[in-house]
Every structure is written in C-alpha cells, then in structure tokens.
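K.L.:
Structure file coords_28.csv (CSV, C-alpha atoms) is given on the next line.
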chain,number,residue,atom,x,y,z
A,82,MET,CA,34.9,35.8,0.5
A,83,ASN,CA,35.8,37.9,3.4
A,84,ILE,CA,35.3,37.1,7.0
A,85,LYS,CA,32.5,39.6,7.5
A,86,GLU,CA,30.4,37.8,4.9
A,87,ILE,CA,31.1,34.5,6.6
A,88,GLU,CA,29.9,35.9,9.9
A,89,GLN,CA,26.7,37.1,8.3
A,90,LEU,CA,26.3,33.7,6.6
A,91,ILE,CA,26.7,32.0,10.0
A,92,GLU,CA,24.0,34.2,11.5
A,93,ARG,CA,21.7,33.5,8.7
A,94,TYR,CA,22.5,29.9,8.9
A,95,TYR,CA,21.2,29.7,12.5
A,96,GLU,CA,18.1,31.6,11.4
A,97,GLY,CA,17.5,28.9,8.7
A,98,GLU,CA,17.7,31.5,6.0
A,99,THR,CA,20.8,30.3,4.0
A,100,THR,CA,20.5,28.6,0.7
A,101,LEU,CA,22.1,25.2,-0.1
A,102,ALA,CA,24.9,27.0,-2.0
A,103,GLU,CA,25.6,29.2,1.0
A,104,GLU,CA,25.6,26.3,3.3
A,105,THR,CA,28.1,24.5,1.0
A,106,LEU,CA,30.3,27.6,1.3
A,107,LEU,CA,30.2,27.4,5.0
A,108,LYS,CA,31.1,23.8,5.0
A,109,GLU,CA,34.0,24.5,2.8
A,110,PHE,CA,35.1,27.4,4.9
A,111,PHE,CA,35.0,25.4,8.1
A,112,SER,CA,36.8,22.4,6.6
A,113,GLY,CA,39.8,24.6,6.1
A,114,ASP,CA,42.4,25.2,8.9
A,115,ASP,CA,42.5,28.9,8.7
A,116,VAL,CA,39.4,29.5,10.8
A,117,PRO,CA,39.8,32.4,13.2
A,118,GLU,CA,39.7,31.6,16.8
A,119,TYR,CA,36.4,33.4,17.5
A,120,LEU,CA,34.6,31.4,14.9
A,121,ARG,CA,36.0,28.0,15.9
A,122,GLN,CA,32.9,27.2,18.1
A,123,HIS,CA,31.0,26.6,14.9
A,124,GLN,CA,33.5,24.4,13.3
A,125,PRO,CA,32.6,21.0,14.8
A,126,ILE,CA,29.0,21.4,13.5
A,127,PHE,CA,30.0,21.8,9.9
A,128,ARG,CA,32.8,19.2,10.2
A,129,TYR,CA,30.3,16.8,11.6
A,130,PHE,CA,27.9,17.3,8.7
A,131,ALA,CA,30.8,16.8,6.2
A,132,ASP,CA,31.9,13.7,8.0
A,133,GLU,CA,28.4,12.2,8.0
A,134,VAL,CA,27.8,12.7,4.3
A,135,SER,CA,30.9,10.7,3.5
A,136,ARG,CA,29.5,7.8,5.6
A,137,THR,CA,28.5,5.1,3.1
A,138,LEU,CA,27.0,1.7,3.2
A,139,ASN,CA,30.6,0.9,3.9
A,140,ASN,CA,30.3,-2.8,4.1
A,141,GLU,CA,31.4,-5.1,1.3
A,142,GLU,CA,29.3,-7.8,2.6
A,143,GLN,CA,26.2,-5.6,2.4
A,144,GLU,CA,27.0,-4.5,-1.1
A,145,LYS,CA,27.4,-8.1,-2.2
A,146,VAL,CA,24.1,-9.0,-0.6
A,147,LEU,CA,22.4,-6.0,-2.3
A,148,LEU,CA,23.9,-6.9,-5.7
A,149,ARG,CA,22.8,-10.5,-5.3
A,150,ARG,CA,19.3,-9.3,-4.5
A,151,ILE,CA,19.3,-7.3,-7.6
A,152,GLY,CA,20.6,-10.3,-9.5
A,153,GLN,CA,17.6,-12.2,-8.2
A,154,PHE,CA,15.4,-9.4,-9.6
A,155,GLU,CA,16.9,-10.2,-13.0
A,156,LYS,CA,16.1,-13.9,-12.7
A,157,GLU,CA,12.5,-13.1,-11.8
A,158,VAL,CA,12.3,-11.1,-15.0
A,159,SER,CA,14.1,-13.3,-17.5
A,160,GLY,CA,14.0,-16.9,-16.4
A,161,SER,CA,10.5,-17.3,-15.1
A,162,GLY,CA,10.7,-21.0,-16.4
A,163,MET,CA,12.7,-21.8,-13.3
A,164,GLN,CA,9.8,-21.2,-11.0
A,165,PRO,CA,7.4,-24.1,-12.0
A,166,VAL,CA,10.3,-26.6,-11.9
A,167,GLN,CA,11.1,-25.6,-8.3
A,168,LYS,CA,7.4,-25.9,-7.5
A,169,ARG,CA,7.2,-29.4,-8.9
A,170,MET,CA,10.3,-30.4,-7.0
A,171,TYR,CA,8.7,-29.0,-3.8
A,172,TYR,CA,5.6,-31.1,-4.2
A,173,LEU,CA,7.5,-34.2,-5.3
A,174,SER,CA,9.8,-34.0,-2.2
A,175,GLY,CA,6.6,-33.8,-0.1
A,176,ILE,CA,5.1,-36.9,-1.7
A,177,ALA,CA,8.5,-38.7,-1.3
A,178,ALA,CA,8.6,-37.9,2.3
A,179,GLY,CA,5.1,-39.1,2.9
A,180,LEU,CA,5.8,-42.4,1.1
A,181,LEU,CA,9.0,-42.8,3.2
A,182,ILE,CA,7.1,-42.4,6.4
A,183,LEU,CA,4.4,-44.9,5.2
A,184,PHE,CA,7.0,-47.5,4.3
A,185,GLY,CA,8.8,-47.0,7.5
A,186,LEU,CA,5.7,-47.6,9.5
A,187,VAL,CA,4.8,-50.7,7.5
A,188,PHE,CA,8.3,-52.2,7.9
A,189,THR,CA,8.6,-51.6,11.6
A,190,PHE,CA,5.1,-53.1,12.1
A,191,LYS,CA,6.1,-56.1,10.1
A,192,ASN,CA,9.3,-56.5,12.0
A,193,GLU,CA,7.5,-56.3,15.2
A,194,LEU,CA,5.1,-59.0,14.2
A,195,SER,CA,7.8,-61.4,12.9
A,196,LYS,CA,9.8,-60.8,16.1
A,197,ARG,CA,6.9,-61.9,18.2
A,198,ASN,CA,6.6,-65.0,16.0
A,199,HIS,CA,10.2,-65.8,16.3
A,200,ALA,CA,10.2,-65.4,20.0
A,201,GLY,CA,7.7,-68.3,20.1
A,202,LEU,CA,5.8,-66.6,22.8
A,203,VAL,CA,2.7,-67.3,20.8
A,204,ASN,CA,2.4,-70.2,18.5
A,205,PRO,CA,0.9,-69.4,15.0
A,206,SER,CA,-2.5,-71.0,15.6
A,207,THR,CA,-3.1,-69.0,18.8
A,208,GLU,CA,-1.8,-65.9,16.9
A,209,VAL,CA,-4.5,-66.6,14.2
A,210,ALA,CA,-7.1,-67.1,16.9
A,211,TYR,CA,-6.0,-63.9,18.6
A,212,THR,CA,-6.3,-61.8,15.4
A,213,GLN,CA,-9.6,-63.4,14.6
A,214,THR,CA,-10.9,-62.6,18.1
A,215,LYS,CA,-9.6,-59.1,17.7
A,216,GLN,CA,-11.4,-58.8,14.4
A,217,ALA,CA,-14.5,-60.1,15.9
A,218,LEU,CA,-14.3,-57.6,18.8
A,219,LEU,CA,-13.6,-54.9,16.3
A,220,LEU,CA,-16.8,-55.9,14.4
A,221,VAL,CA,-18.7,-55.8,17.6
A,222,SER,CA,-17.3,-52.4,18.4
A,223,VAL,CA,-18.2,-51.1,15.0
A,224,GLY,CA,-21.7,-52.6,15.3
A,225,LEU,CA,-22.1,-51.1,18.7
A,226,ASN,CA,-21.2,-47.8,17.3
A,227,THR,CA,-23.9,-48.0,14.6
A,228,GLY,CA,-26.2,-49.1,17.4
A,229,PHE,CA,-25.4,-45.9,19.2
A,230,ASP,CA,-26.5,-44.1,16.1
A,231,ALA,CA,-29.8,-45.8,16.3
A,232,VAL,CA,-30.0,-44.8,20.0
A,233,GLN,CA,-29.4,-41.2,18.9
A,234,ARG,CA,-32.6,-41.5,16.9
A,235,LEU,CA,-34.4,-42.6,20.1
A,236,ASN,CA,-33.4,-39.3,21.5
A,237,THR,CA,-35.2,-37.4,18.7
A,238,LEU,CA,-38.2,-39.6,19.5
A,239,ASN,CA,-37.9,-38.5,23.1
A,240,ASN,CA,-37.9,-34.9,22.0
A,241,ALA,CA,-40.9,-35.4,19.8
A,242,MET,CA,-42.6,-37.0,22.8
A,243,GLY,CA,-41.9,-33.9,24.8
A,244,GLN,CA,-43.7,-31.8,22.1
A,245,ILE,CA,-46.6,-34.2,22.4
A,246,GLN,CA,-46.6,-33.7,26.1
A,247,LYS,CA,-47.2,-30.0,25.5
A,248,ILE,CA,-50.2,-30.8,23.3
A,249,ASN,CA,-51.5,-33.0,26.1
A,250,LYS,CA,-51.2,-30.1,28.6
A,251,PHE,CA,-53.0,-27.9,26.2
A,252,TYR,CA,-55.8,-30.5,26.0
A,253,ASN,CA,-55.9,-30.5,29.8
A,254,TYR,CA,-56.3,-26.8,30.0
A,255,GLN,CA,-58.9,-26.8,27.3
A,256,ASN,CA,-60.9,-29.4,29.3
A,257,GLN,CA,-60.6,-27.3,32.3
A,258,PHE,CA,-62.1,-24.3,30.5
A,259,ILE,CA,-64.9,-26.4,29.0
A,260,ASN,CA,-65.6,-28.3,32.3
A,261,PRO,CA,-64.5,-26.0,35.1
A,262,GLU,CA,-65.7,-28.5,37.7
A,263,ARG,CA,-62.8,-30.8,36.8
A,264,MET,CA,-60.3,-28.0,37.8
A,265,GLN,CA,-60.2,-29.7,41.1
A,266,ASP,CA,-58.2,-32.6,39.8
A,267,PRO,CA,-54.9,-31.0,39.1
A,268,SER,CA,-55.0,-28.9,42.3
A,269,THR,CA,-55.6,-32.0,44.5
A,270,ASN,CA,-52.7,-33.6,42.7
A,271,LYS,CA,-50.5,-30.9,43.9
B,190,MET,CA,11.8,0.4,-15.7
B,191,ASN,CA,14.1,-2.4,-16.4
B,192,LEU,CA,17.0,-3.8,-14.4
B,193,GLN,CA,19.5,-1.5,-16.1
B,194,ASP,CA,17.6,1.6,-15.2
B,195,PHE,CA,17.1,0.3,-11.8
B,196,ASN,CA,20.9,-0.1,-11.4
B,197,THR,CA,21.7,3.3,-12.7
B,198,LYS,CA,18.9,5.3,-11.0
B,199,VAL,CA,17.9,3.5,-7.8
B,200,TYR,CA,21.1,1.6,-6.8
B,201,PRO,CA,23.2,4.8,-6.3
B,202,LEU,CA,20.7,6.0,-3.6
B,203,LYS,CA,21.9,3.2,-1.3
B,204,ASP,CA,24.1,5.4,0.8
B,205,LYS,CA,21.5,8.1,1.3
B,206,ILE,CA,18.9,5.5,2.2
B,207,PHE,CA,21.4,3.9,4.6
B,208,ARG,CA,22.3,7.2,6.3
B,209,PHE,CA,18.7,8.1,6.7
B,210,ALA,CA,17.8,4.7,8.0
B,211,LYS,CA,20.7,4.8,10.4
B,212,ARG,CA,19.6,8.3,11.6
B,213,MET,CA,16.2,7.0,12.3
B,214,LEU,CA,17.0,3.5,13.7
B,215,ASP,CA,20.3,4.4,15.3
B,216,GLN,CA,21.5,0.9,14.6
B,217,THR,CA,23.9,0.0,11.8
B,218,GLU,CA,22.7,-3.6,11.1
B,219,GLU,CA,19.1,-2.7,11.0
B,220,ALA,CA,19.9,0.2,8.7
B,221,GLU,CA,21.7,-2.2,6.4
B,222,ASP,CA,18.8,-4.6,6.3
B,223,LEU,CA,16.5,-1.7,5.6
B,224,VAL,CA,18.4,-0.6,2.5
B,225,GLN,CA,17.5,-4.0,1.1
B,226,GLU,CA,13.9,-3.7,2.1
B,227,VAL,CA,13.6,-0.4,0.4
B,228,PHE,CA,15.2,-1.8,-2.8
B,229,ILE,CA,12.8,-4.7,-2.8
B,230,ARG,CA,9.8,-2.3,-2.4
B,231,MET,CA,11.1,-0.1,-5.2
B,232,TRP,CA,11.6,-3.1,-7.4
B,233,LYS,CA,8.1,-4.4,-6.8
B,234,ILE,CA,6.7,-1.1,-8.2
B,235,ARG,CA,9.2,-0.8,-11.0
B,236,GLU,CA,6.4,-0.6,-13.6
B,237,LYS,CA,5.2,2.6,-11.9
B,238,LEU,CA,8.5,4.2,-11.1
B,239,ASP,CA,8.6,6.3,-14.2
B,240,GLU,CA,5.4,8.0,-13.1
B,241,TYR,CA,7.2,9.5,-10.0
B,242,ARG,CA,8.6,13.0,-10.3
B,243,SER,CA,11.5,12.2,-8.0
B,244,LEU,CA,12.7,8.6,-7.4
B,245,GLU,CA,14.9,9.9,-4.7
B,246,ALA,CA,12.0,11.4,-2.8
B,247,LEU,CA,10.1,8.2,-3.2
B,248,ALA,CA,13.0,6.2,-1.9
B,249,MET,CA,13.4,8.5,1.1
B,250,VAL,CA,9.7,8.4,1.9
B,251,THR,CA,9.8,4.6,1.6
B,252,THR,CA,12.8,4.5,3.9
B,253,LYS,CA,11.0,6.7,6.4
B,254,ASN,CA,7.9,4.6,6.5
B,255,LEU,CA,9.7,1.3,6.8
B,256,CYS,CA,11.8,2.8,9.6
B,257,LEU,CA,8.7,4.0,11.4
B,258,ASP,CA,7.2,0.5,11.1
B,259,LYS,CA,10.3,-1.0,12.5
B,260,LEU,CA,10.4,1.4,15.4
B,261,LYS,CA,6.8,0.6,16.2
B,262,THR,CA,7.5,-3.1,16.4
B,263,ARG,CA,10.6,-2.8,18.4
B,264,LYS,CA,10.0,-5.0,21.5
B,265,PHE,CA,12.8,-3.6,23.6
B,266,PRO,CA,14.6,-0.3,23.6
B,267,VAL,CA,17.9,-0.6,21.8
B,268,GLU,CA,19.3,2.4,23.6
B,269,SER,CA,21.1,0.4,26.2
B,270,PHE,CA,22.8,-1.7,23.5
B,271,ASN,CA,23.8,1.4,21.5
B,272,ASP,CA,25.1,3.2,24.6
B,273,GLN,CA,27.3,0.2,25.3
B,274,ARG,CA,28.5,0.2,21.7
B,275,GLN,CA,29.3,3.9,21.7
B,276,PHE,CA,31.1,3.4,25.0
B,277,ILE,CA,33.2,0.6,23.5
B,278,GLU,CA,33.8,2.7,20.4
B,279,ARG,CA,35.0,5.5,22.5
B,280,ILE,CA,37.4,3.3,24.4
B,281,ALA,CA,38.7,2.1,21.1
B,282,GLU,CA,39.3,5.6,19.9
B,283,GLU,CA,40.7,6.9,23.2
B,284,PRO,CA,43.6,8.9,21.8
B,285,ARG,CA,41.7,11.5,20.1
B,286,SER,CA,42.3,15.2,19.5
B,287,ASP,CA,40.0,17.7,21.2
B,288,HIS,CA,38.6,18.3,17.8
B,289,SER,CA,36.9,15.0,17.2
B,290,ASP,CA,35.7,15.1,20.7
B,291,LEU,CA,33.8,18.2,19.7
B,292,ILE,CA,32.4,16.5,16.7
B,293,THR,CA,31.2,13.7,18.9
B,294,GLY,CA,29.5,16.4,20.9
B,295,VAL,CA,27.6,17.5,17.8
B,296,LYS,CA,26.5,13.9,17.3
B,297,GLU,CA,25.2,13.8,20.9
B,298,ALA,CA,23.5,17.1,20.5
B,299,MET,CA,21.8,15.8,17.3
B,300,ASN,CA,20.6,12.7,19.2
B,301,SER,CA,19.1,14.8,21.9
B,302,LEU,CA,16.9,16.6,19.4
B,303,PRO,CA,13.3,15.5,18.9
B,304,GLU,CA,13.0,13.0,16.1
B,305,GLN,CA,11.4,15.4,13.6
B,306,SER,CA,14.0,18.1,14.1
B,307,ARG,CA,16.8,15.5,13.9
B,308,LEU,CA,15.5,14.3,10.5
B,309,ILE,CA,15.1,17.8,9.2
B,310,VAL,CA,18.7,18.7,10.1
B,311,HIS,CA,19.8,15.4,8.6
B,312,LEU,CA,18.1,16.0,5.3
B,313,ARG,CA,19.2,19.6,5.0
B,314,ASP,CA,22.6,19.8,6.5
B,315,ILE,CA,23.9,16.4,5.7
B,316,GLU,CA,22.1,15.3,2.6
B,317,GLY,CA,21.6,18.9,1.3
B,318,TYR,CA,18.0,18.7,0.2
B,319,GLU,CA,15.9,21.7,-0.8
B,320,PHE,CA,13.0,22.6,1.5
B,321,GLY,CA,10.6,21.4,-1.2
B,322,GLU,CA,12.2,18.0,-1.2
B,323,ILE,CA,12.2,17.8,2.6
B,324,SER,CA,8.6,18.8,2.7
B,325,GLU,CA,7.9,16.0,0.2
B,326,ILE,CA,9.8,13.4,2.3
B,327,LEU,CA,8.5,14.3,5.7
B,328,GLY,CA,5.1,15.5,4.6
B,329,MET,CA,5.4,18.8,6.3
B,330,GLN,CA,4.8,22.4,5.3
B,331,GLU,CA,7.9,24.2,4.1
B,332,ASN,CA,7.5,27.0,6.6
B,333,ALA,CA,7.2,24.6,9.5
B,334,ILE,CA,10.4,23.0,8.2
B,335,ARG,CA,12.2,26.3,8.2
B,336,VAL,CA,11.2,27.1,11.7
B,337,ALA,CA,12.0,23.7,13.0
B,338,LEU,CA,15.4,23.7,11.2
B,339,SER,CA,16.4,27.1,12.6
B,340,ARG,CA,15.4,26.0,16.1
B,341,ALA,CA,17.3,22.8,15.8
B,342,ARG,CA,20.4,24.5,14.6
B,343,GLN,CA,20.3,27.0,17.5
B,344,ARG,CA,19.6,24.2,19.9
B,345,ILE,CA,22.7,22.3,18.7
B,346,ARG,CA,24.8,25.4,19.1
B,347,GLU,CA,23.4,26.0,22.6
B,348,ILE,CA,24.2,22.4,23.7
B,349,LEU,CA,27.7,22.7,22.4
B,350,VAL,CA,28.3,26.0,24.2
B,351,ASN,CA,26.9,24.6,27.4
B,352,SER,CA,29.0,21.5,27.3
B,353,ARG,CA,32.1,23.6,26.6
B,354,ASN,CA,31.3,25.9,29.6
B,355,HIS,CA,30.7,22.9,31.7
B,356,GLU,CA,34.1,21.5,30.6
B,357,TYR,CA,35.8,24.8,31.5
B,358,GLN,CA,34.3,24.8,34.9
B,359,ARG,CA,35.4,21.3,35.5
B,360,ASN,CA,39.0,22.1,34.5
Is it possible to express this structure as structure tokens?

P.N.:
Amino acid sequence: MNIKEIEQLIERYYEGETTLAEETLLKEFFSGDDVPEYLRQHQPIFRYFADEVSRTLNNEEQEKVLLRRIGQFEKEVSGSGMQPVQKRMYYLSGIAAGLLILFGLVFTFKNELSKRNHAGLVNPSTEVAYTQTKQALLLVSVGLNTGFDAVQRLNTLNNAMGQIQKINKFYNYQNQFINPERMQDPSTNK
Amino acid sequence: MNLQDFNTKVYPLKDKIFRFAKRMLDQTEEAEDLVQEVFIRMWKIREKLDEYRSLEALAMVTTKNLCLDKLKTRKFPVESFNDQRQFIERIAEEPRSDHSDLITGVKEAMNSLPEQSRLIVHLRDIEGYEFGEISEILGMQENAIRVALSRARQRIREILVNSRNHEYQRN
C-alpha cells in the first residue's frame, strides 16, 4: 500500500467513510515505526485505539470472582437439593436464638429473685404477702380495665341520647308550627 | 443454554463488557463489578438467549443500561476522585516519552467528547463494530452514527492539534 492511498484513507477516516477493514489497515500502518513525519500527527490516535483494545479485565481477583459466580450458576442448576436444607437451617437457627433469649430471661429473673431472698431484705412470708398483694392489685387493674370497657358503652349511650335530643328539637318545632302562640317560649328563654 | 454454552459464548465477552463499562463509568472498580452484574443478568435469561440474533449486542446493551442506571444513582461526582487518580498515575509514570504523552492526549480528547460520541468512537474505533451493530447497541440510526462518528474523529484531531500548538507556544 503506497503512501498516497494511506493519505486518502486518513481523509476518509475523518469523514467516517472507511470500512472496518480499512481502519484495521490504518491501525497497522500507524503501529509501525516508518510513519513519515507529516503523518505523525495522526499516529497517537490509532496507537491509543490499539492500546485500548488490548486492555482486558486484567485482574486475577476479578477473574476468580467471575468464575466463582459462574460456578454458583452451576450449583443452582444441578444441586437444587441444597436450597431447602439451607432454608431449614435458617429457620432452625432463628428458633434456637429465640429459645436462648427466653431461657436467658427466665434465668436472670430467677437469679434476681433468689438473690433478693438470700439478702434477707424480705423474709419469705412478707415476700409471699407482697406477691399476693401484687396479684390482687393486678386483678383490680384488670377489672378496672374491663370496667372502662363498660364506660365506653356509656359513651355510645350518650351519643344515642344526642340523637334523641334532635328528635326532641324536632318535636318542639312541630309544636311551634301547630301552636304558633307558644313560639314565645323559646325566644324568652334566649 | 447450558453452563458450557454460557462459558464458551458469553464468558469471552468479559473484556469487551469491561472496556465498555469502564468507558461509561470511568471507574475501574465499578466497571469490574458491572461485568459480574451483566453476567448475572445474562444467566437469568439463559433460557431465552438462543432466541437473540447476537449475544454480543445483547451483552453490550445490557452493559449500557446497567451503566446508565449506575450513573443515575451516583450520589456524588466521581470526577474529583478520578482526577486525583490520574494525577497519581501520571506521577508514577513520570519518565515517559513524548509519544505516550500524546496518547494520553487522545484519551483526554476522548473524555472531552459528549457521552454519545465517546461511546460511538469506542464501539467503532476500539471494539471494531459495524455500524449496524452500533445502531443496535446504542439504539440510534446508522446515519446519525456516521455523522456523529465523523464529527467526533475530527474533534479529537482538532483538540490534539490545538494542544500541540499550545505546547509549541509555551516552549
């Protein structure tokens, strides 16, 4: 390929008219060392492109990760029996953790109680009395709460009463229409 | 498509995916992660892969879309970080011939192009795709690609010429 043709190729390259094959020719030409001085200005461009295409995922770590990922794909396909076991383990570990927390709470509570007893700050009978009172109070509290529920019902009654009030008003107005002379009463009340 | 097909047909695309992602994200680590994401996406639709005319185009489109998502969710500009890194890289490679300086100039000229033009130049001049393939990957008309490519190439040349003149004036 003579230099005239190269010059033409370069021009057509910048016009975006070269084919891939021609562009490869240009890359090859500029990768050589016998580029005439007056064409050197184009050299870095083609060198850069050639450099870039040789840039790979050049990281062994990354390749390993990628291959491991693909290995995982394989597992998904072949050994799907692995999945349920893992799932069961997952739930079991959750239950175990829950039980552990429960036991922990119970034991610390017990310890706390026995410590108090050992300290002798309260003798057993007063302790019993204390718990009984506590229970009684609790009972009262619970009873009170149910009582409140009943009071809630009173509220609905109140509401209903309000409705009835409206009916009363209606009656009043009706009376006024029927006996207009009684209209005086409400106005004097005002 | 089974795993073996996947390994022979999709896995070799890793470098192209990586380069394209790197071009879009301008960040090596993110580009490396993205290669994995693309592979996962491709694996998930492995049953349908045989229906695609070009796996490569599909992989590149997937790469582009994932990169766009990533760029959208970027909370802070990475430019400053990259500038710093380039700066450090340049210090490390201080004793360089004029030649590789010029090549760095091309890289900078590329980076100054609008994203679309940059991707077109990348796909054509670096990856060597036909216009039809580029049109498939970028979802653009072939004619528009030709025009943009020509403009981008001329722009790179212009920038290089300007920087050289600038250098001469300085010297």

K.L.:
Between A:Lys168, A:Lys145, A:Arg150, A:Lys85, which has the minimum distance to chain B (counting only C-alpha atoms)?

P.N.:
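Closest residue, counting only C-alpha atoms: A:Arg150.
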
K.L.:
With 7 Å as the limit and counting all atoms listed in the file, what residues in chain B lie close to chain A? Please list them as number ranges by chain.

P.N.:
B: 192, 203-204, 207, 221, 225, 291-292, 295, 314-317, 335, 338-339, 342-343

K.L.:
Could you jot down the CA of Ala246 (chain B) to CA of Ile326 (chain B) separation for me, Å, one decimal place?

P.N.:
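Going from CA of Ala246 (chain B) over to CA of Ile326 (chain B), I get 5.9 Å.
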
K.L.:
For a test of reading the model, state the distance in Å between CA of Leu312 (chain B) and CA of Glu103 (chain A), rounded to one decimal.

P.N.:
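So the two atoms, CA of Leu312 (chain B) and CA of Glu103 (chain A), lie 15.8 Å apart.
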
K.L.:
Hey, can you pull every residue with an atom no more than 8 Å from (28.2, 22.2, 21.5), using all atoms listed in the file, and send it as an NGL selection string?

P.N.:
(:A and (122)) or (:B and (291 or 294-295 or 298 or 345-353))

K.L.:
Would you compute the distance between CA of Tyr241 (chain B) and CA of Glu325 (chain B)? Give it in Å to one decimal.

P.N.:
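Straight-line distance from CA of Tyr241 (chain B) to CA of Glu325 (chain B) works out to 12.1 Å.
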
K.L.:
Do you know which residues are at most 9 Å from Leu214 (chain B) counting only C-alpha atoms, after dropping those on the same chain fewer than 3 positions away, and could you put them as a VMD selection string?

P.N.:
chain B and resid 209 to 211 217 219 to 220 256 to 257 259 to 260

K.L.:
How would the residues just chosen look if you wrote them out with C-alpha atoms as an mmCIF file, keeping the file's coordinate frame?

P.N.:
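Final file, again22.cif:
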data_model
loop_
_atom_site.group_PDB
_atom_site.id
_atom_site.type_symbol
_atom_site.label_atom_id
_atom_site.label_comp_id
_atom_site.auth_asym_id
_atom_site.auth_seq_id
_atom_site.Cartn_x
_atom_site.Cartn_y
_atom_site.Cartn_z
ATOM 1 C CA PHE B 209 18.700 8.100 6.700
ATOM 2 C CA ALA B 210 17.800 4.700 8.000
ATOM 3 C CA LYS B 211 20.700 4.800 10.400
ATOM 4 C CA THR B 217 23.900 0.000 11.800
ATOM 5 C CA GLU B 219 19.100 -2.700 11.000
ATOM 6 C CA ALA B 220 19.900 0.200 8.700
ATOM 7 C CA CYS B 256 11.800 2.800 9.600
ATOM 8 C CA LEU B 257 8.700 4.000 11.400
ATOM 9 C CA LYS B 259 10.300 -1.000 12.500
ATOM 10 C CA LEU B 260 10.400 1.400 15.400
#
